[in-house]
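Comments concern the structure below.
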Amino acid sequence: MKKIIALATVSAMVLGLAACGGSSTSTTTAAPAETSAAEETTAAAAAASGDSIVLKLGVSTNEEDPRTKAAQQFKSDVEEKTDGAVTVEIYTSGQLGGDADLINSIALDSGTCDIIITDASNFATYEPKMGISALPFLFDDFDKAWEFMDGEIEAAAEELLIEQNMRVLAHYDNGFRCVTNSKGAIESPDDMKGLLIRTPENPVIMATMTALGANPQPLAFSELYQALQQKTYDAQENPIPVIYNNNLFEVQQYLSVTNHIYSGMCFTIAESTWQKLSADQQTIVADAATASAEYDRQMNREQTESLVSKLEENGMKINYPDLAPFKEATASVLTDNADTYGELMDQLQDWLAK
């Protein structure tokens, strides 16, 4: 700190001499550059003033997934802006556990991980109101879904997670969930009847699959590829980028673009970890999370549009069913769970009517 103060003093003296001896033009151009450098030095010093800390970040998907690539941006941003006082270790492919395990580890403050990026509705096992963003057929496009995720209704649900040791800093995107299977094209809910389908341990998604007539059984994502390969499951449901980036086209023949649920993701830090960061570190971490979320969203939008043709090139048979019967079949998921969401459901209906 003494060195930083000394450097700042020398810089100030140099600026003073330049202002006295230089022309008005040279003073005007030089001073802002020196001031900017001094401000950056001060900011880095402030960020580094907190205790050094390692943040362990866990995701269930592989290195090709947009959330992992965006997490890499987060890592670089944080480490640069804290001058290495905060470092980030990224664990992919369920190395620290599946999504349910990651959530449990933060809720229990086990120390297994500090940050997780997972579907917002996966948190419904701890706070049921977190399932509200995943109710079936709420959003027609990305912009509407993002508006909701960044809005007051989602924020009210997320506020309830803090007492469970979970603080949401930003919203990643995972796209709209679609059904793949090894039996045949899904053209109507009748084609879903009796289908053994893998879902995450997520009550809203499971209720939606049940309403469509399927038989949902939870399984960790890290175990999904092998389960489909061995025909333990008939089907699974995930967004198009997840299907392609995790090579599920190798073990599933049919993709039906049902877009039955939007999968918004929460970039979540353990509250106990958050409180260990200095105020300056908290600002840097939060800002980096928001910036990386924007990067993730743009990747998912682009990949949702571009990867369908690549799935076809890899042998998948793709169909676009009429969604009206699917919406009708799943309407009960909203009404049956109205009491769970309470006044948030009323706010949601008002928001959708705008």
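So you can find residues: chains in the structure tokens are A, B, ... in the order shown, residues in each start at 1, and ligands are numbered from 1 in order.
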
- Task: Any chance you could list, as an MDAnalysis selection string, the residues in stretch 161-241 of chain A that come up alpha helix (DSSP H) when DSSP is run on the backbone?
- Result: chainID A and resid 203:211 224:229 240:241

Please, could you write that set of residues out with N, CA, C and O atoms as a PDB file, in the first residue's frame?
```
ATOM      1  N   PRO A 203     -39.474 -30.358 -10.177  1.00  0.00           N
ATOM      2  CA  PRO A 203     -40.896 -30.666 -10.061  1.00  0.00           C
ATOM      3  C   PRO A 203     -41.764 -30.087 -11.171  1.00  0.00           C
ATOM      4  O   PRO A 203     -42.757 -30.698 -11.562  1.00  0.00           O
ATOM      5  N   VAL A 204     -41.394 -28.904 -11.700  1.00  0.00           N
ATOM      6  CA  VAL A 204     -42.206 -28.286 -12.749  1.00  0.00           C
ATOM      7  C   VAL A 204     -42.071 -29.060 -14.059  1.00  0.00           C
ATOM      8  O   VAL A 204     -43.062 -29.348 -14.741  1.00  0.00           O
ATOM      9  N   ILE A 205     -40.841 -29.411 -14.416  1.00  0.00           N
ATOM     10  CA  ILE A 205     -40.620 -30.167 -15.652  1.00  0.00           C
ATOM     11  C   ILE A 205     -41.267 -31.546 -15.550  1.00  0.00           C
ATOM     12  O   ILE A 205     -41.905 -32.027 -16.495  1.00  0.00           O
ATOM     13  N   MET A 206     -41.138 -32.174 -14.400  1.00  0.00           N
ATOM     14  CA  MET A 206     -41.740 -33.502 -14.217  1.00  0.00           C
ATOM     15  C   MET A 206     -43.268 -33.424 -14.318  1.00  0.00           C
ATOM     16  O   MET A 206     -43.901 -34.284 -14.941  1.00  0.00           O
ATOM     17  N   ALA A 207     -43.863 -32.382 -13.733  1.00  0.00           N
ATOM     18  CA  ALA A 207     -45.319 -32.222 -13.807  1.00  0.00           C
ATOM     19  C   ALA A 207     -45.761 -31.991 -15.247  1.00  0.00           C
ATOM     20  O   ALA A 207     -46.810 -32.498 -15.673  1.00  0.00           O
ATOM     21  N   THR A 208     -44.963 -31.254 -16.006  1.00  0.00           N
ATOM     22  CA  THR A 208     -45.292 -30.994 -17.416  1.00  0.00           C
ATOM     23  C   THR A 208     -45.246 -32.275 -18.227  1.00  0.00           C
ATOM     24  O   THR A 208     -46.137 -32.551 -19.051  1.00  0.00           O
ATOM     25  N   MET A 209     -44.211 -33.085 -18.019  1.00  0.00           N
ATOM     26  CA  MET A 209     -44.110 -34.352 -18.752  1.00  0.00           C
ATOM     27  C   MET A 209     -45.237 -35.308 -18.372  1.00  0.00           C
ATOM     28  O   MET A 209     -45.783 -36.015 -19.222  1.00  0.00           O
ATOM     29  N   THR A 210     -45.609 -35.312 -17.109  1.00  0.00           N
ATOM     30  CA  THR A 210     -46.718 -36.163 -16.661  1.00  0.00           C
ATOM     31  C   THR A 210     -48.027 -35.726 -17.313  1.00  0.00           C
ATOM     32  O   THR A 210     -48.830 -36.561 -17.756  1.00  0.00           O
ATOM     33  N   ALA A 211     -48.247 -34.407 -17.383  1.00  0.00           N
ATOM     34  CA  ALA A 211     -49.461 -33.891 -18.010  1.00  0.00           C
ATOM     35  C   ALA A 211     -49.539 -34.272 -19.486  1.00  0.00           C
ATOM     36  O   ALA A 211     -50.634 -34.431 -20.042  1.00  0.00           O
ATOM     37  N   LEU A 224     -26.707 -39.067 -18.404  1.00  0.00           N
ATOM     38  CA  LEU A 224     -27.751 -39.163 -19.412  1.00  0.00           C
ATOM     39  C   LEU A 224     -27.299 -39.857 -20.691  1.00  0.00           C
ATOM     40  O   LEU A 224     -28.001 -40.737 -21.213  1.00  0.00           O
ATOM     41  N   TYR A 225     -26.155 -39.482 -21.228  1.00  0.00           N
ATOM     42  CA  TYR A 225     -25.703 -40.045 -22.504  1.00  0.00           C
ATOM     43  C   TYR A 225     -25.661 -41.576 -22.426  1.00  0.00           C
ATOM     44  O   TYR A 225     -26.194 -42.266 -23.305  1.00  0.00           O
ATOM     45  N   GLN A 226     -25.039 -42.088 -21.393  1.00  0.00           N
ATOM     46  CA  GLN A 226     -24.917 -43.547 -21.262  1.00  0.00           C
ATOM     47  C   GLN A 226     -26.282 -44.207 -21.091  1.00  0.00           C
ATOM     48  O   GLN A 226     -26.539 -45.283 -21.648  1.00  0.00           O
ATOM     49  N   ALA A 227     -27.165 -43.562 -20.334  1.00  0.00           N
ATOM     50  CA  ALA A 227     -28.498 -44.131 -20.120  1.00  0.00           C
ATOM     51  C   ALA A 227     -29.271 -44.222 -21.434  1.00  0.00           C
ATOM     52  O   ALA A 227     -29.965 -45.211 -21.694  1.00  0.00           O
ATOM     53  N   LEU A 228     -29.140 -43.215 -22.286  1.00  0.00           N
ATOM     54  CA  LEU A 228     -29.808 -43.247 -23.582  1.00  0.00           C
ATOM     55  C   LEU A 228     -29.149 -44.267 -24.507  1.00  0.00           C
ATOM     56  O   LEU A 228     -29.828 -44.967 -25.265  1.00  0.00           O
ATOM     57  N   GLN A 229     -27.842 -44.345 -24.422  1.00  0.00           N
ATOM     58  CA  GLN A 229     -27.100 -45.307 -25.251  1.00  0.00           C
ATOM     59  C   GLN A 229     -27.500 -46.738 -24.917  1.00  0.00           C
ATOM     60  O   GLN A 229     -27.636 -47.590 -25.806  1.00  0.00           O
ATOM     61  N   ILE A 240     -32.008 -27.116 -27.748  1.00  0.00           N
ATOM     62  CA  ILE A 240     -31.226 -27.526 -28.912  1.00  0.00           C
ATOM     63  C   ILE A 240     -29.717 -27.383 -28.701  1.00  0.00           C
ATOM     64  O   ILE A 240     -28.962 -28.311 -29.043  1.00  0.00           O
ATOM     65  N   PRO A 241     -29.208 -26.279 -28.136  1.00  0.00           N
ATOM     66  CA  PRO A 241     -27.760 -26.202 -27.924  1.00  0.00           C
ATOM     67  C   PRO A 241     -27.229 -27.312 -27.013  1.00  0.00           C
ATOM     68  O   PRO A 241     -26.131 -27.831 -27.242  1.00  0.00           O
TER      69      PRO A 241
END
```

- Item | Contact residues around A:Thr180 with only C-alpha atoms at 10 Å, ignoring same-chain residues under 4 positions, as a list in words |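 These residues fall inside the cut-off: Gly184, Ala185, Ile186, Ile197, Asp234, Ala235, Gln236, Glu237, Asn238, Pro239, Ile240, Ile243, Leu248, Phe249, Val251, Gln252, Gln253, Tyr254, Leu255, Ser256, Val257, Thr258, Met316, Lys317 and Ile318 of chain A.
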
- Task: Using DSSP on the backbone coordinates, identify the residues of stretch 2-248 of chain A assigned to strand (DSSP E or B); present them as a PyMOL selection string.
- Result: chain A and resi 53-58+86-91+115-119+166-181+196-199+215-218+235-239

What are the closest atom pairs, with distances in Å to one decimal, for all residues of stretch 48-147 of chain A lying within 12 Å of stretch 283-291 of chain A? Consider only C-alpha atoms, order rows by chain and residue number, and present the result as a tab-separated table.
```
residue	atom	partner	partner_atom	distance
A:Ala48	CA	A:Ile284	CA	11.0
A:Ile53	CA	A:Val285	CA	12.0
A:Leu55	CA	A:Val285	CA	10.3
A:Leu57	CA	A:Ala289	CA	11.9
A:Arg67	CA	A:Ala289	CA	11.2
A:Ala70	CA	A:Ala291	CA	8.8
A:Ala71	CA	A:Ala289	CA	8.2
A:Gln72	CA	A:Ala288	CA	10.6
A:Gln73	CA	A:Ala288	CA	8.1
A:Phe74	CA	A:Ala288	CA	5.4
A:Lys75	CA	A:Ala288	CA	8.2
A:Ser76	CA	A:Ala288	CA	9.0
A:Asp77	CA	A:Ala288	CA	6.0
A:Val78	CA	A:Val285	CA	6.0
A:Glu79	CA	A:Val285	CA	9.4
A:Glu80	CA	A:Ile284	CA	9.9
A:Lys81	CA	A:Ile284	CA	6.9
A:Thr82	CA	A:Ile284	CA	7.5
A:Asp83	CA	A:Ile284	CA	11.1
A:Ala85	CA	A:Ile284	CA	11.4
A:Val86	CA	A:Val285	CA	9.0
A:Thr87	CA	A:Val285	CA	10.6
A:Val88	CA	A:Val285	CA	10.4
A:Ile115	CA	A:Ala289	CA	10.5
A:Ile116	CA	A:Ala289	CA	11.4
A:Ile117	CA	A:Ala289	CA	10.5
```

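You can rank A:Met166, A:Ala293, A:Leu161, A:Ile261 by their closest distance to A:Thr273 using only C-alpha atoms, and at the top of that list sits A:Met166.
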